[in-house]
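Listing of final29.tsv, TSV, C-alpha atoms
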chain	number	residue	atom	x	y	z
A	1	MET	CA	-25.64	-23.26	-61.83
A	2	THR	CA	-23.90	-21.80	-58.85
A	3	SER	CA	-20.48	-21.06	-57.51
A	4	VAL	CA	-21.50	-22.22	-54.04
A	5	VAL	CA	-22.07	-25.90	-54.71
A	6	PRO	CA	-22.19	-27.00	-51.04
A	7	VAL	CA	-25.30	-24.89	-50.48
A	8	ALA	CA	-26.96	-26.32	-53.57
A	9	LYS	CA	-26.19	-29.82	-52.26
A	10	MET	CA	-27.41	-28.96	-48.79
A	11	VAL	CA	-30.83	-27.83	-50.02
A	12	GLY	CA	-31.17	-30.95	-52.15
A	13	ALA	CA	-30.82	-29.60	-55.69
A	14	ASN	CA	-30.85	-32.49	-58.15
A	15	ARG	CA	-28.76	-31.10	-60.99
A	16	ILE	CA	-25.88	-28.86	-59.97
A	17	ILE	CA	-23.40	-27.16	-62.30
A	18	GLN	CA	-20.35	-25.31	-60.98
A	19	GLY	CA	-20.43	-21.63	-61.86
A	20	ASN	CA	-17.40	-19.42	-62.40
A	21	GLY	CA	-17.40	-17.27	-59.30
A	22	ILE	CA	-20.00	-15.70	-57.07
A	23	VAL	CA	-19.63	-12.32	-58.74
A	24	HIS	CA	-20.35	-13.71	-62.21
A	25	PRO	CA	-21.62	-17.31	-62.21
A	26	LEU	CA	-21.62	-17.38	-66.02
A	27	GLY	CA	-18.89	-14.88	-66.74
A	28	ALA	CA	-15.20	-14.16	-66.30
A	29	ALA	CA	-14.27	-10.52	-66.01
A	30	ASP	CA	-10.58	-11.28	-66.60
A	31	LEU	CA	-11.06	-12.96	-70.01
A	32	PRO	CA	-11.37	-11.27	-73.40
A	33	PRO	CA	-15.05	-11.04	-74.44
A	34	ALA	CA	-14.88	-13.87	-77.00
A	35	GLU	CA	-13.33	-16.29	-74.51
A	36	GLU	CA	-15.74	-15.22	-71.81
A	37	LYS	CA	-18.66	-16.01	-74.07
A	38	GLU	CA	-17.16	-19.41	-74.88
A	39	LEU	CA	-16.93	-20.12	-71.14
A	40	ARG	CA	-20.62	-19.21	-70.84
A	41	ARG	CA	-21.47	-21.61	-73.66
A	42	ARG	CA	-19.43	-24.36	-72.06
A	43	ILE	CA	-21.18	-24.05	-68.69
A	44	LEU	CA	-24.57	-23.99	-70.41
A	45	ARG	CA	-23.69	-27.11	-72.41
A	46	GLU	CA	-22.90	-28.83	-69.11
A	47	ALA	CA	-26.30	-27.77	-67.85
A	48	PHE	CA	-27.97	-29.14	-71.00
A	49	GLU	CA	-26.21	-32.47	-70.46
A	50	ALA	CA	-27.44	-32.60	-66.89
A	51	LEU	CA	-30.98	-31.78	-68.02
A	52	GLN	CA	-30.93	-34.74	-70.40
A	53	LYS	CA	-29.72	-37.31	-67.85
A	54	ASP	CA	-31.45	-38.95	-64.95
A	55	ALA	CA	-30.51	-36.82	-61.99
A	56	GLY	CA	-28.98	-39.89	-60.34
A	57	GLU	CA	-26.35	-39.97	-63.10
A	58	THR	CA	-25.20	-36.38	-62.81
A	59	ASP	CA	-22.16	-35.36	-60.84
B	1	MET	CA	-68.49	-24.08	-27.96
B	2	ARG	CA	-69.35	-23.35	-31.58
B	3	VAL	CA	-66.86	-24.75	-34.05
B	4	VAL	CA	-66.47	-24.14	-37.79
B	5	HIS	CA	-64.47	-26.71	-39.73
B	6	TYR	CA	-62.70	-26.58	-43.12
B	7	LEU	CA	-62.21	-29.69	-45.26
B	8	ASN	CA	-61.00	-30.35	-48.80
B	9	GLN	CA	-63.03	-32.20	-51.43
B	10	PHE	CA	-61.66	-35.57	-50.37
B	11	PHE	CA	-62.33	-35.40	-46.63
B	12	GLY	CA	-65.50	-33.43	-47.31
B	13	GLY	CA	-66.86	-36.41	-49.19
B	14	LEU	CA	-67.15	-34.87	-52.66
B	15	GLY	CA	-64.57	-37.18	-54.24
B	16	ALA	CA	-60.93	-37.45	-55.20
B	17	GLU	CA	-58.79	-35.49	-57.66
B	18	GLU	CA	-61.57	-35.10	-60.21
B	19	PHE	CA	-63.31	-32.82	-57.70
B	20	ALA	CA	-60.20	-30.72	-56.96
B	21	GLY	CA	-61.75	-27.81	-58.87
B	22	ALA	CA	-64.90	-27.78	-56.70
B	23	THR	CA	-66.04	-24.34	-55.57
B	24	PRO	CA	-66.70	-23.92	-51.82
B	25	GLU	CA	-69.81	-25.44	-50.27
B	26	VAL	CA	-71.09	-24.55	-46.85
B	27	ARG	CA	-72.79	-27.39	-44.97
B	28	GLU	CA	-74.67	-27.28	-41.72
B	29	GLY	CA	-73.10	-29.38	-38.98
B	30	ALA	CA	-70.15	-31.75	-39.00
B	31	VAL	CA	-68.92	-33.64	-42.05
B	32	GLY	CA	-66.51	-36.62	-42.18
B	33	PRO	CA	-63.65	-36.12	-39.71
B	34	GLY	CA	-65.66	-33.25	-38.21
B	35	ARG	CA	-67.89	-35.78	-36.44
B	36	LEU	CA	-64.92	-37.29	-34.68
B	37	LEU	CA	-63.57	-33.84	-33.91
B	38	GLU	CA	-66.86	-32.87	-32.29
B	39	GLN	CA	-66.80	-36.01	-30.18
B	40	LEU	CA	-63.18	-35.47	-29.12
B	41	LEU	CA	-63.78	-31.83	-28.21
B	42	GLY	CA	-66.23	-33.21	-25.66
B	43	GLU	CA	-69.49	-32.14	-24.20
B	44	GLY	CA	-70.80	-28.75	-25.24
B	45	ALA	CA	-68.80	-28.66	-28.47
B	46	LYS	CA	-70.71	-28.48	-31.71
B	47	VAL	CA	-69.43	-28.24	-35.25
B	48	VAL	CA	-72.04	-25.81	-36.51
B	49	LYS	CA	-70.73	-25.39	-40.03
B	50	THR	CA	-68.34	-27.09	-42.42
B	51	VAL	CA	-66.80	-25.39	-45.43
B	52	VAL	CA	-65.69	-27.79	-48.15
B	53	ALA	CA	-63.65	-26.73	-51.18
B	54	GLY	CA	-61.60	-28.47	-53.88
B	55	ASP	CA	-57.82	-28.22	-53.44
B	56	ASN	CA	-57.17	-26.64	-56.83
B	57	TYR	CA	-59.97	-24.13	-56.40
B	58	ALA	CA	-58.61	-23.34	-52.93
B	59	VAL	CA	-55.00	-22.63	-53.82
B	60	GLU	CA	-55.95	-20.71	-56.95
B	61	ASN	CA	-58.43	-18.55	-55.03
B	62	LEU	CA	-56.89	-18.27	-51.58
B	63	ASP	CA	-58.06	-14.73	-50.91
B	64	ALA	CA	-61.63	-15.39	-51.99
B	65	LEU	CA	-61.74	-18.61	-49.99
B	66	ALA	CA	-60.34	-16.93	-46.89
B	67	ALA	CA	-62.88	-14.12	-47.20
B	68	LEU	CA	-65.72	-16.61	-47.51
B	69	VAL	CA	-64.54	-18.63	-44.53
B	70	VAL	CA	-64.14	-15.52	-42.37
B	71	LYS	CA	-67.68	-14.45	-43.28
B	72	GLU	CA	-69.11	-17.89	-42.48
B	73	VAL	CA	-67.31	-18.13	-39.15
B	74	ARG	CA	-68.48	-14.66	-38.21
B	75	GLU	CA	-72.08	-15.39	-39.13
B	76	ALA	CA	-71.97	-18.71	-37.29
B	77	GLY	CA	-70.69	-16.99	-34.14
B	78	GLY	CA	-67.79	-19.42	-34.07
B	79	ASP	CA	-65.61	-19.70	-30.97
B	80	LEU	CA	-63.09	-21.99	-32.61
B	81	PHE	CA	-61.94	-22.67	-36.17
B	82	VAL	CA	-60.39	-25.96	-37.21
B	83	ALA	CA	-58.99	-26.95	-40.61
B	84	GLY	CA	-57.97	-30.44	-41.65
B	85	PRO	CA	-55.86	-32.28	-40.56
B	86	CYS	CA	-54.20	-32.26	-43.95
B	87	PHE	CA	-51.34	-34.78	-43.47
B	88	GLN	CA	-48.98	-34.48	-46.48
B	89	ALA	CA	-51.59	-33.10	-48.90
B	90	GLY	CA	-49.77	-29.96	-50.02
B	91	ARG	CA	-52.54	-27.93	-51.59
B	92	TYR	CA	-54.86	-28.80	-48.72
B	93	GLY	CA	-52.22	-27.66	-46.23
B	94	VAL	CA	-51.60	-24.36	-48.01
B	95	ALA	CA	-55.35	-23.68	-48.09
B	96	ALA	CA	-55.87	-24.73	-44.45
B	97	GLY	CA	-53.03	-22.47	-43.35
B	98	ALA	CA	-54.40	-19.52	-45.29
B	99	VAL	CA	-57.95	-19.82	-43.94
B	100	CYS	CA	-56.76	-20.39	-40.34
B	101	ALA	CA	-54.49	-17.35	-40.53
B	102	ALA	CA	-57.32	-15.22	-41.93
B	103	VAL	CA	-59.81	-16.30	-39.26
B	104	GLN	CA	-57.30	-15.71	-36.48
B	105	ARG	CA	-56.37	-12.29	-37.84
B	106	GLU	CA	-59.85	-11.04	-38.73
B	107	LEU	CA	-61.91	-12.52	-35.91
B	108	GLY	CA	-59.40	-13.03	-33.11
B	109	ILE	CA	-60.59	-16.54	-32.29
B	110	PRO	CA	-58.26	-19.55	-32.02
B	111	ALA	CA	-57.59	-21.59	-35.14
B	112	VAL	CA	-55.95	-25.01	-35.16
B	113	THR	CA	-54.87	-27.21	-38.02
B	114	GLY	CA	-52.72	-30.31	-38.53
B	115	MET	CA	-50.15	-31.22	-41.20
B	116	GLY	CA	-47.17	-33.47	-41.84
B	117	LEU	CA	-43.68	-31.96	-41.71
B	118	GLU	CA	-43.19	-31.93	-45.46
B	119	ASN	CA	-46.47	-30.22	-46.17
B	120	PRO	CA	-45.60	-26.81	-47.67
B	121	GLY	CA	-48.30	-25.30	-45.44
B	122	VAL	CA	-46.02	-25.93	-42.45
B	123	ASP	CA	-43.28	-23.63	-43.66
B	124	LEU	CA	-45.74	-21.03	-44.80
B	125	TYR	CA	-47.81	-20.80	-41.63
B	126	ARG	CA	-45.92	-22.30	-38.68
B	127	ARG	CA	-44.90	-18.89	-37.40
B	128	ASP	CA	-48.49	-17.70	-37.15
B	129	LEU	CA	-50.50	-20.81	-36.37
B	130	TYR	CA	-50.73	-23.81	-34.13
B	131	ILE	CA	-50.15	-26.63	-36.60
B	132	VAL	CA	-50.28	-30.04	-34.97
B	133	ASP	CA	-47.76	-32.52	-36.40
B	134	SER	CA	-50.02	-35.06	-38.05
B	135	GLY	CA	-47.32	-37.21	-39.61
B	136	GLY	CA	-48.08	-38.56	-43.03
B	137	SER	CA	-50.58	-41.32	-42.33
B	138	VAL	CA	-54.31	-40.74	-42.43
B	139	ALA	CA	-54.63	-43.79	-40.18
B	140	ALA	CA	-53.57	-41.55	-37.29
B	141	MET	CA	-56.71	-39.38	-37.73
B	142	ARG	CA	-58.11	-40.03	-34.26
B	143	GLU	CA	-54.83	-39.37	-32.47
B	144	VAL	CA	-54.17	-36.22	-34.49
B	145	LEU	CA	-57.66	-34.86	-33.94
B	146	SER	CA	-57.44	-35.53	-30.21
B	147	ARG	CA	-54.20	-33.54	-30.00
B	148	MET	CA	-55.79	-30.75	-32.03
B	149	ALA	CA	-58.81	-30.81	-29.68
B	150	ALA	CA	-56.61	-30.70	-26.58
B	151	LEU	CA	-54.67	-27.73	-27.97
B	152	ALA	CA	-57.92	-25.98	-28.94
B	153	HIS	CA	-59.24	-26.31	-25.39
B	154	LYS	CA	-56.09	-24.77	-23.99
B	155	LEU	CA	-56.22	-21.90	-26.46
B	156	LEU	CA	-59.90	-21.25	-25.75
B	157	SER	CA	-59.44	-21.21	-22.00
B	158	LYS	CA	-56.27	-19.12	-22.44
B	159	GLN	CA	-54.13	-21.63	-20.59
B	160	GLU	CA	-50.41	-21.47	-21.10
B	161	ILE	CA	-49.39	-23.52	-24.12
B	162	GLY	CA	-46.51	-25.88	-23.50
B	163	SER	CA	-43.50	-26.38	-25.71
B	164	PRO	CA	-43.89	-27.78	-29.23
B	165	ALA	CA	-42.54	-31.12	-28.03
B	166	GLU	CA	-45.05	-31.31	-25.17
B	167	GLU	CA	-48.09	-30.28	-27.16
B	168	GLY	CA	-47.17	-31.81	-30.52
B	169	TYR	CA	-47.28	-28.72	-32.70
B	170	PHE	CA	-44.64	-27.30	-35.02
B	171	ALA	CA	-42.35	-24.76	-33.37
B	172	HIS	CA	-43.20	-21.20	-34.28
B	173	GLY	CA	-39.53	-20.39	-34.49
B	174	LEU	CA	-39.74	-18.06	-31.49
B	175	LEU	CA	-37.34	-18.00	-28.59
B	176	ARG	CA	-38.95	-17.93	-25.17
B	177	ASP	CA	-36.99	-16.86	-22.12
B	178	ALA	CA	-36.88	-19.45	-19.39
B	179	PHE	CA	-35.00	-19.94	-16.16
B	180	VAL	CA	-32.65	-22.91	-16.11
B	181	ASP	CA	-30.76	-24.39	-13.20
B	182	LYS	CA	-27.60	-25.25	-15.04
B	183	THR	CA	-25.16	-23.19	-17.03
B	184	ALA	CA	-24.57	-23.85	-20.71
B	185	ALA	CA	-21.23	-25.49	-19.87
B	186	GLU	CA	-22.90	-27.92	-17.46
B	187	ARG	CA	-25.62	-28.77	-19.95
B	188	LEU	CA	-23.04	-29.26	-22.66
B	189	VAL	CA	-20.97	-31.68	-20.58
B	190	GLU	CA	-24.10	-33.62	-19.64
B	191	MET	CA	-25.10	-33.83	-23.26
B	192	VAL	CA	-21.68	-35.05	-24.39
B	193	TYR	CA	-21.70	-37.60	-21.56
B	194	ALA	CA	-25.16	-38.82	-22.57
B	195	LYS	CA	-24.10	-39.05	-26.18
B	196	ALA	CA	-20.93	-40.97	-25.34
B	197	THR	CA	-22.75	-43.44	-23.12
B	198	GLY	CA	-25.67	-43.89	-25.48
B	199	ALA	CA	-28.18	-42.26	-23.12
B	200	PRO	CA	-30.99	-40.14	-24.55
B	201	TYR	CA	-30.44	-36.39	-24.80
B	202	GLU	CA	-32.10	-33.50	-26.54
B	203	SER	CA	-30.17	-30.87	-28.47
B	204	GLU	CA	-31.12	-27.29	-27.70
B	205	LEU	CA	-30.73	-26.35	-31.34
B	206	THR	CA	-32.82	-28.00	-34.01
B	207	PRO	CA	-31.10	-28.27	-37.36
B	208	THR	CA	-32.95	-27.10	-40.44
B	209	VAL	CA	-34.44	-29.99	-42.37
B	210	PHE	CA	-34.30	-30.14	-46.14
B	211	PRO	CA	-36.72	-32.81	-47.31
B	212	ALA	CA	-35.58	-34.85	-50.29
B	213	ILE	CA	-36.75	-33.38	-53.59
B	214	PRO	CA	-37.71	-35.93	-56.25
B	215	ALA	CA	-35.62	-35.29	-59.36
B	216	PRO	CA	-37.69	-34.18	-62.35
B	217	PRO	CA	-37.29	-36.57	-65.29
B	218	PRO	CA	-34.67	-35.71	-67.91
B	219	ILE	CA	-35.54	-33.72	-71.02
B	220	ALA	CA	-36.16	-36.24	-73.82
B	221	ASP	CA	-35.45	-33.90	-76.72
B	222	LEU	CA	-33.59	-30.71	-75.94
B	223	SER	CA	-34.03	-29.44	-79.49
B	224	ARG	CA	-37.76	-29.18	-78.83
B	225	ALA	CA	-37.60	-27.99	-75.25
B	226	ARG	CA	-38.59	-24.55	-74.06
B	227	ILE	CA	-35.89	-23.34	-71.68
B	228	ALA	CA	-36.36	-20.48	-69.24
B	229	ILE	CA	-33.75	-18.54	-67.31
B	230	VAL	CA	-34.37	-18.09	-63.59
B	231	THR	CA	-31.93	-16.27	-61.38
B	232	ASP	CA	-31.53	-15.21	-57.78
B	233	THR	CA	-28.74	-12.80	-58.64
B	234	GLY	CA	-31.13	-9.85	-58.53
B	235	VAL	CA	-30.84	-8.77	-62.19
B	236	VAL	CA	-33.80	-6.49	-62.92
B	237	PRO	CA	-34.64	-3.92	-65.59
B	238	LYS	CA	-33.43	-0.38	-64.85
B	239	GLY	CA	-35.62	1.18	-62.20
B	240	ASN	CA	-36.41	-2.19	-60.59
B	241	PRO	CA	-40.11	-2.10	-61.63
B	242	ASP	CA	-41.22	-4.76	-59.12
B	243	LYS	CA	-39.22	-3.21	-56.30
B	244	ILE	CA	-37.45	-6.48	-55.52
B	245	ALA	CA	-35.65	-5.90	-52.25
B	246	PRO	CA	-31.86	-6.44	-52.25
B	247	ILE	CA	-32.10	-8.27	-48.91
B	248	ALA	CA	-34.76	-10.83	-47.92
B	249	ALA	CA	-36.80	-10.26	-51.08
B	250	THR	CA	-40.45	-11.16	-50.74
B	251	ASN	CA	-41.28	-11.15	-54.47
B	252	TRP	CA	-39.92	-12.00	-57.89
B	253	GLY	CA	-40.32	-10.51	-61.35
B	254	SER	CA	-40.67	-11.83	-64.86
B	255	TYR	CA	-39.14	-9.76	-67.65
B	256	ASP	CA	-39.59	-9.80	-71.40
B	257	ILE	CA	-36.57	-10.77	-73.48
B	258	SER	CA	-38.35	-11.68	-76.71
B	259	GLY	CA	-36.28	-10.63	-79.70
B	260	VAL	CA	-33.33	-9.71	-77.49
B	261	ASP	CA	-29.99	-11.28	-78.45
B	262	ASP	CA	-27.80	-9.78	-75.79
B	263	LEU	CA	-28.48	-8.03	-72.47
B	264	ARG	CA	-26.88	-4.63	-72.19
B	265	GLY	CA	-25.69	-3.24	-68.91
B	266	GLU	CA	-27.39	0.10	-69.43
B	267	ASP	CA	-30.82	-1.55	-69.54
B	268	PHE	CA	-30.48	-3.44	-66.24
B	269	GLU	CA	-29.47	-3.07	-62.63
B	270	VAL	CA	-28.81	-5.53	-59.82
B	271	SER	CA	-30.82	-5.62	-56.60
B	272	HIS	CA	-28.75	-7.86	-54.35
B	273	ARG	CA	-26.62	-6.92	-51.38
B	274	GLY	CA	-24.79	-10.21	-50.96
B	275	TYR	CA	-22.08	-10.04	-53.62
B	276	ASP	CA	-20.03	-7.54	-55.56
B	277	THR	CA	-22.50	-6.75	-58.34
B	278	ARG	CA	-20.19	-4.69	-60.58
B	279	TYR	CA	-19.47	-7.47	-63.04
B	280	VAL	CA	-23.08	-8.48	-63.55
B	281	THR	CA	-24.12	-4.83	-63.76
B	282	GLU	CA	-21.52	-4.36	-66.49
B	283	ASP	CA	-22.78	-7.36	-68.48
B	284	PRO	CA	-26.02	-8.99	-67.24
B	285	ASP	CA	-25.41	-12.02	-69.51
B	286	ARG	CA	-22.97	-13.14	-66.83
B	287	ALA	CA	-26.02	-14.05	-64.72
B	288	VAL	CA	-28.84	-14.09	-67.27
B	289	PRO	CA	-27.16	-15.76	-70.25
B	290	VAL	CA	-29.47	-14.54	-73.00
B	291	ASP	CA	-26.62	-14.10	-75.50
B	292	ALA	CA	-25.42	-17.71	-75.40
B	293	LEU	CA	-28.89	-19.22	-75.09
B	294	ARG	CA	-30.13	-17.19	-78.06
B	295	GLU	CA	-27.30	-18.67	-80.13
B	296	PHE	CA	-28.17	-22.17	-78.97
B	297	GLU	CA	-31.77	-21.48	-79.96
B	298	LYS	CA	-30.76	-20.30	-83.44
B	299	GLN	CA	-28.55	-23.37	-83.87
B	300	GLY	CA	-31.41	-25.64	-82.83
B	301	VAL	CA	-29.58	-26.96	-79.76
B	302	ILE	CA	-32.57	-25.92	-77.68
B	303	GLY	CA	-36.11	-25.58	-78.98
B	304	LYS	CA	-36.90	-22.14	-77.64
B	305	LEU	CA	-35.54	-19.63	-75.17
B	306	HIS	CA	-38.59	-18.65	-73.10
B	307	ASP	CA	-39.71	-15.09	-73.77
B	308	ARG	CA	-39.38	-14.03	-70.16
B	309	PHE	CA	-36.70	-14.52	-67.57
B	310	VAL	CA	-37.52	-14.67	-63.88
B	311	SER	CA	-35.49	-12.89	-61.25
B	312	THR	CA	-35.38	-12.43	-57.52
B	313	SER	CA	-32.72	-11.70	-54.96
B	314	GLY	CA	-31.40	-14.63	-52.94
B	315	MET	CA	-29.95	-12.82	-49.98
B	316	VAL	CA	-30.55	-13.73	-46.29
B	317	ASN	CA	-33.99	-14.94	-47.20
B	318	PRO	CA	-35.98	-16.91	-44.61
B	319	LEU	CA	-36.38	-20.46	-45.83
B	320	ALA	CA	-40.16	-20.40	-45.73
B	321	ASN	CA	-40.13	-17.32	-47.89
B	322	SER	CA	-37.66	-18.78	-50.39
B	323	ARG	CA	-39.78	-21.87	-50.69
B	324	ARG	CA	-42.86	-19.80	-51.39
B	325	LEU	CA	-41.02	-17.83	-54.08
B	326	GLY	CA	-39.82	-21.08	-55.63
B	327	ARG	CA	-43.29	-22.58	-55.67
B	328	GLU	CA	-44.79	-19.46	-57.22
B	329	ILE	CA	-42.12	-19.28	-59.91
B	330	ALA	CA	-42.42	-22.99	-60.73
B	331	GLN	CA	-46.17	-22.75	-61.03
B	332	ARG	CA	-46.00	-19.74	-63.35
B	333	LEU	CA	-43.38	-21.36	-65.59
B	334	LYS	CA	-45.41	-24.55	-65.82
B	335	GLU	CA	-48.45	-22.53	-66.84
B	336	GLU	CA	-46.35	-20.83	-69.50
B	337	GLY	CA	-45.28	-24.19	-70.97
B	338	VAL	CA	-41.64	-24.15	-69.91
B	339	ASP	CA	-39.96	-27.58	-70.08
B	340	ALA	CA	-36.75	-26.84	-68.20
B	341	VAL	CA	-35.00	-24.07	-66.35
B	342	VAL	CA	-31.41	-22.98	-66.06
B	343	LEU	CA	-31.21	-21.41	-62.63
B	344	VAL	CA	-28.27	-19.09	-62.14
B	345	SER	CA	-27.44	-18.48	-58.52
B	346	ALA	CA	-24.83	-16.11	-57.19

With the file now loaded, output its structure as structure tokens.
Amino acid sequence: MTSVVPVAKMVGANRIIQGNGIVHPLGAADLPPAEEKELRRRILREAFEALQKDAGETD
Amino acid sequence: MRVVHYLNQFFGGLGAEEFAGATPEVREGAVGPGRLLEQLLGEGAKVVKTVVAGDNYAVENLDALAALVVKEVREAGGDLFVAGPCFQAGRYGVAAGAVCAAVQRELGIPAVTGMGLENPGVDLYRRDLYIVDSGGSVAAMREVLSRMAALAHKLLSKQEIGSPAEEGYFAHGLLRDAFVDKTAAERLVEMVYAKATGAPYESELTPTVFPAIPAPPPIADLSRARIAIVTDTGVVPKGNPDKIAPIAATNWGSYDISGVDDLRGEDFEVSHRGYDTRYVTEDPDRAVPVDALREFEKQGVIGKLHDRFVSTSGMVNPLANSRRLGREIAQRLKEEGVDAVVLVSA
């Protein structure tokens, strides 16, 4: 989970999830706390999906 | 010339993986590839001792193994130390690198080993050692040993060592001043011309190589999986107990989060000088998502949130060092029964 996907690709990571900004990969300082937490859940759910697929299938 | 040689359980003739736990044995004379090595080193060369150890024993006891090897080489009055070649055998390469480095450092005699490019020992020790590029095929044993022998002779007689390409060893990553006849512009034009006309040319910069990483298999049942959080965002408990450096960190830490539902800013700090850390300092869950993962655990989406999260700082870190940190972290998490990791990177 990173906001710098090209680097993750370059080093050969198999399962890459886009984070929400370098300064808070799993946060959003401009959102109200409840929405920020929902964003964190959403990104983690994406990660769970990736973990349950063959890495060849992930985006 | 008195030579001491290091071999793993396989090349030392003990057996395959079932002997990977074998404790070190010291044999008189040459064993296995050591006989060929002795022959290739030529007249006057004698492998006086061979140390054989299992790969698992070796990597789990690197310091003890290195100390033993140094003692044996000293007692044998060794002039030269050789380990391997190890080809792509990763544990063997890591052990060979460690013992060569220790012998060189403690005894000041030349040490030579051989490995394939993707052997983790290359990244760990190429700066300090002459590691001959063995490729991946054991069939090349004779050729690899003869290059190792040639390099050893040069080191022993203190001859100037040629470039990595000439001698067949992995570049140490050092720049050496040299006089050249042509300016950079002239060399550049020649190179472009060669490229355009299909003639051979050699770049003066070697790009970093990232070997393909086999994808771990998917998690079959997430609701039974133990998930750990790993991060390179530098989140550490207040006071930074492991003194993880904010730039080019050489270590990582593992921190207890059992029973914790939410990370609070006042309990943590961030050791990382590569991004604006205010937001993560304010709420560490933005990088170490304990709050959301704890919920998922309670709902049964995941089996268990691992009791410890792992942190280091991923800032201008030499690749070899990053790879070492990664290997150490992966090994620890495997030992602790972790099934999958969410790795949060700044």

Tell me which protein, DNA and RNA residues are within 9 Å of Ala47 of chain A, counting only C-alpha atoms, leaving out same-chain ones fewer than 3 positions away, and put them as a short mmCIF file (atom, residue, chain, number, x, y, z; two decimals) with C-alpha atoms, keeping the file's coordinate frame.
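And here's part-v2.cif as it stands now:
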data_model
loop_
_atom_site.label_atom_id
_atom_site.label_comp_id
_atom_site.auth_asym_id
_atom_site.auth_seq_id
_atom_site.Cartn_x
_atom_site.Cartn_y
_atom_site.Cartn_z
CA MET A 1 -25.64 -23.26 -61.83
CA ARG A 15 -28.76 -31.10 -60.99
CA ILE A 16 -25.88 -28.86 -59.97
CA ILE A 17 -23.40 -27.16 -62.30
CA ARG A 42 -19.43 -24.36 -72.06
CA ILE A 43 -21.18 -24.05 -68.69
CA LEU A 44 -24.57 -23.99 -70.41
CA ALA A 50 -27.44 -32.60 -66.89
CA LEU A 51 -30.98 -31.78 -68.02
CA GLN A 52 -30.93 -34.74 -70.40
CA VAL B 342 -31.41 -22.98 -66.06
#

Could you give me, as a VMD selection string, the residues within 7 Å of Gln18 of chain A, counting only C-alpha atoms and dropping anything in the same chain fewer than 3 positions from it? chain A and resid 1 to 3 5

Tell me, as an NGL selection string, which residues lie within 12 Å of Arg41 of chain A, counting only C-alpha atoms; anything in the same chain fewer than 5 positions away does not count. (:A and (19 or 26-27 or 34-36 or 46-48)) or (:B and (285-286 or 289-296 or 301))

Tell me as a ChimeraX atom specification which residues belonging to chain B come within 8 Å of chain A, counting all atoms listed in the file. /B:210-222,275-280,285-287,289,292-293,340,342-346

I'd like the neighbourhood of Ser322 of chain B as a ChimeraX atom specification, where a residue qualifies if any of its atoms comes within 9 Å (using all atoms listed in the file), though same-chain residues fewer than 6 positions away should be ignored. /B:248-250,314

Could you take the residues named above and write them with C-alpha atoms, as a short mmCIF file (atom, residue, chain, number, x, y, z; two decimals), in the frame of the given file?
data_model
loop_
_atom_site.label_atom_id
_atom_site.label_comp_id
_atom_site.auth_asym_id
_atom_site.auth_seq_id
_atom_site.Cartn_x
_atom_site.Cartn_y
_atom_site.Cartn_z
CA ALA B 248 -34.76 -10.83 -47.92
CA ALA B 249 -36.80 -10.26 -51.08
CA THR B 250 -40.45 -11.16 -50.74
CA GLY B 314 -31.40 -14.63 -52.94
#

Kindly write C-alpha atoms of segment 16-37 of chain B from the structure just given to a file, as a short mmCIF file (atom, residue, chain, number, x, y, z; two decimals), in the first residue's frame.
data_model
loop_
_atom_site.label_atom_id
_atom_site.label_comp_id
_atom_site.auth_asym_id
_atom_site.auth_seq_id
_atom_site.Cartn_x
_atom_site.Cartn_y
_atom_site.Cartn_z
CA ALA B 16 20.89 -32.45 0.86
CA GLU B 17 18.26 -30.41 2.69
CA GLU B 18 17.83 -32.95 5.49
CA PHE B 19 21.37 -32.05 6.60
CA ALA B 20 20.80 -28.27 6.46
CA GLY B 21 20.86 -28.16 10.26
CA ALA B 22 24.32 -29.78 10.48
CA THR B 23 26.72 -28.13 12.92
CA PRO B 24 30.18 -27.24 11.55
CA GLU B 25 32.72 -29.98 10.92
CA VAL B 26 36.38 -29.34 10.33
CA ARG B 27 38.08 -31.78 7.96
CA GLU B 28 41.73 -32.12 7.13
CA GLY B 29 42.54 -31.47 3.48
CA ALA B 30 40.31 -30.81 0.49
CA VAL B 31 36.72 -31.99 0.17
CA GLY B 32 34.54 -32.13 -2.99
CA PRO B 33 35.09 -29.01 -5.11
CA GLY B 34 38.11 -28.24 -2.92
CA ARG B 35 40.09 -30.91 -4.78
CA LEU B 36 39.50 -29.17 -8.07
CA LEU B 37 40.26 -25.82 -6.48
#
